[in-house]
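What follows is the content of my_file.txt, which has compact mmCIF, C-alpha atoms:
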# COMPACT_ATOMS: atom_id res chain seq x y z
CA MET D 1 24.10 -15.56 -27.40
CA THR D 2 27.63 -14.33 -26.75
CA TYR D 3 26.67 -10.76 -27.61
CA PHE D 4 23.57 -10.94 -25.39
CA ARG D 5 25.55 -12.16 -22.37
CA GLN D 6 28.44 -9.75 -22.81
CA ALA D 7 26.26 -6.69 -23.44
CA LEU D 8 24.06 -7.51 -20.45
CA ILE D 9 26.96 -8.00 -18.03
CA GLU D 10 28.80 -4.87 -19.22
CA TRP D 11 25.63 -2.82 -18.81
CA TYR D 12 25.01 -4.22 -15.32
CA GLU D 13 28.53 -3.52 -14.11
CA LEU D 14 28.15 0.12 -15.14
CA ASN D 15 24.47 0.72 -14.39
CA GLY D 16 23.23 -1.94 -11.98
CA ARG D 17 21.60 -0.85 -8.74
CA ARG D 18 24.05 -0.61 -5.85
CA LEU D 19 22.36 -2.38 -2.96
CA PRO D 20 23.75 -3.65 0.38
CA TRP D 21 23.05 -7.31 -0.34
CA ARG D 22 25.10 -6.99 -3.51
CA GLU D 23 28.16 -5.96 -1.55
CA THR D 24 28.45 -9.39 0.03
CA ASN D 25 28.59 -13.07 -0.90
CA ASP D 26 27.09 -14.09 2.46
CA PRO D 27 24.33 -16.57 1.50
CA TYR D 28 22.32 -15.66 4.61
CA LYS D 29 22.07 -11.98 3.67
CA ILE D 30 21.38 -12.81 0.02
CA TRP D 31 18.64 -15.20 1.14
CA ILE D 32 17.01 -12.57 3.36
CA SER D 33 17.11 -9.96 0.60
CA GLU D 34 15.59 -12.28 -1.97
CA VAL D 35 12.72 -13.29 0.31
CA ILE D 36 11.98 -9.69 1.30
CA LEU D 37 11.95 -8.63 -2.36
CA GLN D 38 9.40 -11.26 -3.34
CA GLN D 39 6.20 -9.28 -4.01
CA THR D 40 7.97 -6.14 -2.73
CA GLN D 41 9.61 -3.26 -4.57
CA VAL D 42 13.27 -2.51 -3.82
CA ILE D 43 12.52 1.01 -2.58
CA GLN D 44 10.23 -0.42 0.11
CA GLY D 45 12.23 -3.57 0.83
CA LEU D 46 15.54 -1.79 1.47
CA ASP D 47 14.53 -0.34 4.84
CA TYR D 48 13.05 -3.67 5.91
CA TYR D 49 16.25 -5.46 4.91
CA LEU D 50 18.45 -3.08 6.91
CA ARG D 51 16.27 -3.38 10.01
CA PHE D 52 16.05 -7.15 9.62
CA ILE D 53 19.82 -7.66 9.36
CA GLU D 54 20.42 -5.33 12.29
CA ARG D 55 17.99 -7.34 14.43
CA TYR D 56 18.99 -10.76 13.04
CA PRO D 57 22.61 -10.58 11.82
CA ASP D 58 22.90 -14.34 11.30
CA VAL D 59 20.93 -17.57 11.06
CA LYS D 60 21.23 -18.38 14.76
CA ALA D 61 19.79 -15.03 15.80
CA LEU D 62 16.83 -15.51 13.45
CA ALA D 63 16.20 -19.08 14.59
CA ALA D 64 16.19 -18.05 18.25
CA SER D 65 13.74 -15.18 17.76
CA PRO D 66 10.23 -15.47 19.23
CA GLU D 67 7.71 -15.49 16.40
CA GLY D 68 6.00 -12.35 17.71
CA ASP D 69 9.23 -10.34 17.50
CA LEU D 70 9.84 -11.53 13.95
CA LEU D 71 6.31 -10.57 12.86
CA LEU D 72 6.77 -7.14 14.44
CA ILE D 73 9.88 -6.57 12.29
CA TRP D 74 7.95 -7.82 9.23
CA GLN D 75 4.83 -5.77 10.03
CA GLY D 76 3.55 -3.85 7.01
CA LEU D 77 5.57 -5.83 4.46
CA GLY D 78 2.73 -8.24 3.71
CA TYR D 79 2.74 -11.87 2.54
CA TYR D 80 3.50 -12.99 6.09
CA SER D 81 4.01 -16.61 5.09
CA ARG D 82 7.46 -15.43 3.97
CA ALA D 83 8.35 -14.53 7.56
CA HIS D 84 7.01 -17.82 8.93
CA ASN D 85 8.99 -19.77 6.32
CA LEU D 86 12.19 -17.84 7.06
CA HIS D 87 11.82 -18.68 10.73
CA LYS D 88 11.28 -22.40 10.09
CA ALA D 89 14.13 -22.55 7.59
CA ALA D 90 16.51 -20.84 10.02
CA GLN D 91 15.59 -23.33 12.72
CA SER D 92 16.26 -26.19 10.26
CA ILE D 93 19.69 -24.74 9.45
CA VAL D 94 20.54 -24.60 13.15
CA GLN D 95 19.24 -28.12 13.75
CA TYR D 96 20.71 -29.88 10.71
CA HIS D 97 23.62 -27.68 9.60
CA SER D 98 24.99 -26.36 12.91
CA GLY D 99 23.77 -22.85 12.12
CA VAL D 100 25.82 -22.56 8.92
CA PHE D 101 23.95 -21.83 5.70
CA PRO D 102 24.35 -24.96 3.53
CA LYS D 103 26.33 -24.98 0.27
CA ALA D 104 24.80 -27.96 -1.51
CA VAL D 105 21.93 -27.29 -3.90
CA GLU D 106 19.94 -30.25 -2.58
CA ASP D 107 20.26 -29.01 1.02
CA VAL D 108 19.23 -25.44 0.21
CA SER D 109 16.29 -26.61 -1.91
CA LYS D 110 14.86 -28.48 1.09
CA LEU D 111 14.59 -25.34 3.23
CA LYS D 112 11.07 -24.09 3.89
CA GLY D 113 9.94 -21.40 1.47
CA ILE D 114 12.82 -21.75 -1.00
CA GLY D 115 11.53 -22.36 -4.50
CA PRO D 116 13.36 -22.51 -7.83
CA TYR D 117 13.78 -18.72 -8.14
CA THR D 118 15.16 -18.15 -4.64
CA LEU D 119 17.36 -21.24 -4.94
CA ALA D 120 18.88 -20.00 -8.19
CA ALA D 121 19.44 -16.49 -6.82
CA ILE D 122 21.19 -17.68 -3.66
CA MET D 123 23.30 -20.37 -5.30
CA SER D 124 24.40 -18.28 -8.29
CA ILE D 125 25.22 -15.11 -6.35
CA ALA D 126 26.75 -16.67 -3.24
CA TYR D 127 28.35 -19.81 -4.72
CA ASN D 128 28.58 -19.11 -8.47
CA GLU D 129 26.34 -22.10 -9.26
CA PRO D 130 25.09 -21.97 -12.88
CA LEU D 131 21.38 -21.76 -12.08
CA ALA D 132 19.22 -19.24 -13.97
CA VAL D 133 16.66 -17.13 -12.13
CA VAL D 134 13.21 -16.82 -13.67
CA ASP D 135 10.92 -14.11 -12.32
CA GLY D 136 8.61 -11.50 -13.80
CA ASN D 137 11.53 -9.41 -15.01
CA VAL D 138 13.15 -12.38 -16.74
CA TYR D 139 9.89 -13.46 -18.39
CA ARG D 140 9.47 -9.96 -19.74
CA VAL D 141 13.02 -9.52 -21.05
CA LEU D 142 13.21 -12.93 -22.74
CA SER D 143 9.73 -12.79 -24.24
CA ARG D 144 10.55 -9.42 -25.79
CA VAL D 145 14.10 -10.11 -26.91
CA LEU D 146 12.98 -13.27 -28.70
CA ASP D 147 9.40 -12.12 -29.47
CA ILE D 148 7.86 -15.19 -27.83
CA ASP D 149 4.06 -15.42 -27.78
CA VAL D 150 3.84 -18.48 -25.52
CA PRO D 151 1.77 -17.52 -22.43
CA ILE D 152 3.96 -17.22 -19.33
CA ASP D 153 1.14 -18.30 -16.99
CA THR D 154 0.82 -21.81 -18.41
CA SER D 155 2.84 -24.86 -17.40
CA MET D 156 4.10 -25.24 -20.97
CA GLY D 157 5.19 -21.60 -21.09
CA GLN D 158 6.91 -21.68 -17.72
CA LYS D 159 8.78 -24.86 -18.65
CA ALA D 160 9.89 -23.31 -21.96
CA PHE D 161 11.09 -20.09 -20.34
CA ARG D 162 13.00 -21.95 -17.61
CA ALA D 163 14.82 -23.96 -20.27
CA LEU D 164 15.54 -20.84 -22.31
CA ALA D 165 16.79 -18.90 -19.29
CA GLN D 166 19.15 -21.74 -18.42
CA GLU D 167 20.43 -21.90 -22.00
CA LEU D 168 21.16 -18.16 -22.12
CA LEU D 169 22.78 -18.05 -18.66
CA ASP D 170 26.46 -17.12 -18.61
CA PRO D 171 28.04 -20.22 -17.00
CA GLN D 172 31.19 -18.32 -16.02
CA TYR D 173 29.47 -15.43 -14.26
CA PRO D 174 25.96 -16.71 -13.38
CA GLY D 175 25.47 -14.45 -10.37
CA ILE D 176 26.35 -11.27 -12.24
CA TYR D 177 24.29 -12.34 -15.25
CA ASN D 178 21.24 -13.11 -13.10
CA GLN D 179 21.40 -9.77 -11.33
CA GLY D 180 21.92 -8.05 -14.67
CA ILE D 181 18.84 -9.50 -16.34
CA MET D 182 16.69 -8.74 -13.29
CA ASP D 183 17.90 -5.13 -13.21
CA LEU D 184 17.38 -4.76 -16.94
CA GLY D 185 13.76 -5.79 -16.49
CA ALA D 186 13.28 -3.52 -13.49
CA MET D 187 15.04 -0.44 -14.89
CA ILE D 188 14.88 -0.57 -18.71
CA CYS D 189 12.55 -3.29 -20.01
CA THR D 190 9.68 -2.18 -17.76
CA PRO D 191 6.08 -3.38 -18.12
CA LYS D 192 4.94 0.01 -19.41
CA SER D 193 6.94 2.54 -21.43
CA PRO D 194 10.16 0.50 -21.74
CA LYS D 195 13.30 2.55 -22.43
CA CYS D 196 14.29 0.77 -25.62
CA ASP D 197 16.66 3.58 -26.68
CA GLU D 198 18.74 2.93 -23.54
CA CYS D 199 18.67 -0.86 -23.75
CA PRO D 200 22.08 -2.53 -24.16
CA ILE D 201 20.56 -5.47 -26.08
CA GLN D 202 18.30 -3.46 -28.38
CA LYS D 203 20.42 -4.61 -31.32
CA VAL D 204 19.26 -8.21 -30.91
CA CYS D 205 15.73 -7.54 -29.62
CA LYS D 206 13.21 -9.01 -32.05
CA CYS D 207 10.28 -7.11 -30.56
CA VAL D 208 11.96 -3.79 -31.32
CA HIS D 209 12.11 -4.69 -34.98
CA SER D 210 8.63 -6.25 -35.15
CA HIS D 211 7.03 -3.50 -33.04
CA THR D 212 5.46 -6.02 -30.66
CA ILE D 213 6.98 -4.74 -27.39
CA THR D 214 3.58 -3.86 -25.90
CA LEU D 215 2.24 -7.35 -26.72
CA ARG D 216 4.85 -9.22 -24.68
CA PRO D 217 4.79 -11.08 -22.43
CA VAL D 218 1.56 -12.93 -23.16
CA LYS D 219 -0.78 -14.20 -20.43
CA ALA D 220 -3.53 -16.72 -21.06
CA LYS D 221 -5.62 -16.06 -17.98
CA LYS D 222 -7.24 -12.91 -16.67
CA MET D 223 -6.85 -12.52 -12.93
CA ILE D 224 -10.15 -12.61 -11.06
CA VAL D 225 -10.27 -10.35 -8.02
CA LYS D 226 -12.71 -11.30 -5.26
CA GLU D 227 -14.25 -8.55 -3.13
CA GLN D 228 -14.65 -9.07 0.61
CA TYR D 229 -16.07 -6.88 3.36
CA LEU D 230 -14.33 -6.82 6.72
CA ASP D 231 -16.01 -5.14 9.69
CA PHE D 232 -13.51 -4.79 12.53
CA PHE D 233 -14.58 -3.65 15.99
CA LEU D 234 -12.05 -1.67 18.00
CA LEU D 235 -13.33 -2.27 21.51
CA ILE D 236 -11.81 0.23 23.93
CA GLN D 237 -12.15 -0.37 27.65
CA GLY D 238 -10.37 2.16 29.81
CA GLU D 239 -6.67 1.92 29.04
CA TYR D 240 -7.04 -1.29 27.04
CA ILE D 241 -8.24 -2.52 23.67
CA TRP D 242 -9.42 -6.05 22.98
CA GLY D 243 -7.54 -8.03 20.32
CA GLU D 244 -7.00 -11.56 19.13
CA LYS D 245 -4.26 -13.46 17.36
CA ARG D 246 -5.16 -14.69 13.89
CA GLY D 247 -5.11 -18.43 13.30
CA LYS D 248 -2.83 -20.57 11.19
CA GLN D 249 -5.10 -20.69 8.12
CA SER D 250 -4.98 -16.98 7.53
CA ILE D 251 -3.32 -14.48 5.20
CA TRP D 252 -2.24 -12.57 8.32
CA LYS D 253 -1.31 -15.67 10.32
CA GLY D 254 0.06 -14.89 13.78
CA LEU D 255 -0.77 -11.18 13.66
CA TYR D 256 -3.19 -9.43 15.99
CA GLN D 257 -6.53 -8.00 14.92
CA PHE D 258 -9.72 -6.58 16.41
CA PRO D 259 -12.84 -8.78 16.53
CA LEU D 260 -13.86 -9.30 12.91
CA HIS D 261 -17.00 -10.01 10.92
CA LEU D 262 -16.14 -11.17 7.39
CA SER D 263 -18.64 -11.21 4.54
CA ASP D 264 -18.90 -11.17 0.75
CA ARG D 265 -21.27 -8.19 0.89
CA ALA D 266 -21.52 -4.89 2.72
CA HIS D 267 -23.59 -4.81 5.92
CA PRO D 268 -25.68 -1.68 6.57
CA ALA D 269 -26.11 -2.26 10.33
CA PRO D 270 -22.68 -2.96 11.82
CA LEU D 271 -23.85 -3.05 15.46
CA SER D 272 -26.02 -6.09 14.71
CA LEU D 273 -22.86 -7.96 13.71
CA LEU D 274 -21.73 -8.04 17.34
CA ARG D 275 -24.30 -10.76 17.99
CA ASP D 276 -22.64 -12.94 15.34
CA LEU D 277 -19.33 -12.41 17.11
CA LYS D 278 -20.95 -13.68 20.37
CA ILE D 279 -19.99 -10.52 22.20
CA ASN D 280 -22.25 -10.42 25.26
CA THR D 281 -22.83 -6.91 26.62
CA GLY D 282 -25.75 -7.80 28.86
CA GLU D 283 -28.30 -5.00 28.98
CA GLU D 284 -25.79 -2.39 27.85
CA GLU D 285 -26.72 -0.52 24.69
CA LEU D 286 -23.52 0.09 22.80
CA LYS D 287 -22.86 2.90 20.36
CA ILE D 288 -20.29 3.31 17.64
CA SER D 289 -18.29 6.45 18.37
CA HIS D 290 -16.32 6.45 15.13
CA SER D 291 -16.17 4.46 11.89
CA TYR D 292 -13.27 4.42 9.49
CA THR D 293 -13.32 3.00 5.97
CA THR D 294 -10.41 1.98 3.74
CA THR D 295 -9.50 -0.61 1.13
CA HIS D 296 -6.56 -2.99 0.95
CA ARG D 297 -5.56 -4.83 -2.21
CA LEU D 298 -4.12 -8.31 -2.15
CA THR D 299 -3.13 -10.28 -5.24
CA HIS D 300 -6.54 -11.87 -5.78
CA ARG D 301 -8.66 -9.98 -3.29
CA LEU D 302 -9.95 -6.48 -2.70
CA LEU D 303 -10.64 -5.96 0.99
CA ASN D 304 -13.25 -3.33 1.90
CA ILE D 305 -12.37 -2.57 5.49
CA ASN D 306 -14.56 -0.82 8.07
CA ILE D 307 -13.21 -0.19 11.56
CA HIS D 308 -15.87 0.67 14.14
CA THR D 309 -14.76 2.13 17.48
CA ILE D 310 -16.85 1.25 20.53
CA HIS D 311 -16.16 2.21 24.14
CA LEU D 312 -17.07 -0.60 26.53
CA PRO D 313 -18.17 -0.20 30.15
CA GLU D 314 -15.56 -1.36 32.67
CA HIS D 315 -17.55 -4.37 33.94
CA ILE D 316 -17.69 -6.24 30.60
CA ASP D 317 -15.15 -9.07 30.31
CA LEU D 318 -14.47 -10.50 26.86
CA SER D 319 -11.65 -12.90 27.74
CA TYR D 320 -14.11 -15.81 27.44
CA LEU D 321 -13.97 -15.26 23.67
CA GLY D 322 -10.24 -15.82 23.59
CA LEU D 323 -9.65 -12.08 23.28
CA GLU D 324 -6.64 -10.44 24.88
CA ALA D 325 -6.61 -7.10 26.69
CA ILE D 326 -3.84 -5.04 25.06
CA PRO D 327 -2.62 -1.90 26.88
CA ILE D 328 -3.16 1.12 24.64
CA SER D 329 0.25 2.44 25.72
CA ARG D 330 1.88 -0.73 24.34
CA HIS D 331 -0.12 -1.41 21.16
CA SER D 332 2.97 -0.64 19.04
CA GLU D 333 4.61 -3.75 20.51
CA TYR D 334 2.00 -5.97 18.84
CA ALA D 335 2.14 -6.87 15.16
CA PHE D 336 -1.05 -5.92 13.30
CA PRO D 337 -1.89 -6.15 9.58
CA LYS D 338 -0.93 -2.98 7.72
CA PRO D 339 -4.39 -1.34 7.50
CA LEU D 340 -5.03 -1.91 11.22
CA ARG D 341 -1.54 -0.74 12.17
CA GLU D 342 -2.01 2.48 10.19
CA PHE D 343 -5.35 3.06 11.91
CA LEU D 344 -3.91 2.48 15.40
CA ASP D 345 -0.90 4.72 14.82
CA LYS D 346 -3.16 7.52 13.62
CA ASN D 347 -5.95 7.21 16.18
CA LEU D 348 -4.41 5.75 19.36
CA LYS D 349 -1.38 7.64 20.62

Since I need it in another form, could you write the structure as structure tokens?
Amino acid sequence: MTYFRQALIEWYELNGRRLPWRETNDPYKIWISEVILQQTQVIQGLDYYLRFIERYPDVKALAASPEGDLLLIWQGLGYYSRAHNLHKAAQSIVQYHSGVFPKAVEDVSKLKGIGPYTLAAIMSIAYNEPLAVVDGNVYRVLSRVLDIDVPIDTSMGQKAFRALAQELLDPQYPGIYNQGIMDLGAMICTPKSPKCDECPIQKVCKCVHSHTITLRPVKAKKMIVKEQYLDFFLLIQGEYIWGEKRGKQSIWKGLYQFPLHLSDRAHPAPLSLLRDLKINTGEEELKISHSYTTTHRLTHRLLNINIHTIHLPEHIDLSYLGLEAIPISRHSEYAFPKPLREFLDKNLK
């Protein structure tokens, strides 16, 4: 155990990634970085972090932000519930802690969106609290070092790994240790083609000696991916497009979209779908001027996306459907899901 801790920390201090949130012990900035990096690679999250901190340098600035502005900053990062939770947590900090990020574990754990991993990361790095982080990198490193075949996606496995991570944690330098084991998993002990020859703990790694590296970690369940078909209609009317804000029970909650027909199967006649959307065009016969097809992968879903462009006559009013007329010249000021944003930026200048 002593060798493991010491070798890991020495390796991290020489080889760990130098990132802006590691140059500070400000719990707010550490919190923001950890939330951004959930489900996001560092190379992508870095730019978002820098823009986020520039726009919201402290808790009070984040709490005071209109939700639309926050979603615009977050646009393209995905998993938008993270942004909503950050906003609510910041408002709680202002309301109950006078805008100062709390220091007590019980207070931080009550903040919206902060689970065991984020709690441990913030408290260990900012306050030197001896709480071990457990994420995908940690599961992988520990399961390989100790050659553990307990599935990491079961309650028994997760409980066992949390206990093991806490036991191995360096109580004197928990923040450095936690960052070290995460970097080791991200840089050396990678899911595929791990760099065992460069690993500082190779000497004590049981999987190296038993040749079971590729078999760890173990998962009991195979992820089932559901396919869905999304037909969006970009309705252009003069200098405007029609859009709507997605509801609260949505993966893209609070973002804008075009009128949508959602199905579990492809539809060969997209114009007929307009009737299902209750779009009343009177006697006008509409035509699709352009269709664009792409896919977008979520954790458990594969989205087959079709975007159909239709030019509407000036006299048709769709506000009765709850749609909003968005000026084409200002569409960049509205937060759209990533596939729709990419389409707009490419096709509407």

(request) Anything within 10 Å of (11.4, -4.5, -9.0): list those residues as a ChimeraX atom specification, counting only C-alpha atoms and sticking to the file's coordinates. (result) /D:37-43,45,136-137,182-187,190

(request) Have a look at CA of Ala61 (chain D) and CA of Ala90 (chain D) and let me know their distance in Å, one decimal. (result)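 CA of Ala61 (chain D) sits 8.8 Å away from CA of Ala90 (chain D).
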
(request) Pick out the residues sitting within 10 Å of Leu321 (chain D), and hand them over as an MDAnalysis selection string; count only C-alpha atoms, and ignore anything fewer than 6 positions along from it in its own chain. (result) chainID D and resid 244 259 277:280

(message) Report, in Å with one decimal, the straight-line distance from CA of Leu169 (chain D) to CA of Val141 (chain D).
(response) 13.2 Å

(request) Pick out the residues sitting within 10 Å of Gln91 (chain D), and hand them over as a ChimeraX atom specification; count all atoms listed in the file, and ignore anything fewer than 5 positions along from it in its own chain. (result) /D:59-65,85-86,96-99,111-112

Would you put the residues from that selection into a file with C-alpha atoms, as a compact mmCIF listing (two decimals), in the frame of the given file?
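The result, stored in result.txt:
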# COMPACT_ATOMS: atom_id res chain seq x y z
CA VAL D 59 20.93 -17.57 11.06
CA LYS D 60 21.23 -18.38 14.76
CA ALA D 61 19.79 -15.03 15.80
CA LEU D 62 16.83 -15.51 13.45
CA ALA D 63 16.20 -19.08 14.59
CA ALA D 64 16.19 -18.05 18.25
CA SER D 65 13.74 -15.18 17.76
CA ASN D 85 8.99 -19.77 6.32
CA LEU D 86 12.19 -17.84 7.06
CA TYR D 96 20.71 -29.88 10.71
CA HIS D 97 23.62 -27.68 9.60
CA SER D 98 24.99 -26.36 12.91
CA GLY D 99 23.77 -22.85 12.12
CA LEU D 111 14.59 -25.34 3.23
CA LYS D 112 11.07 -24.09 3.89
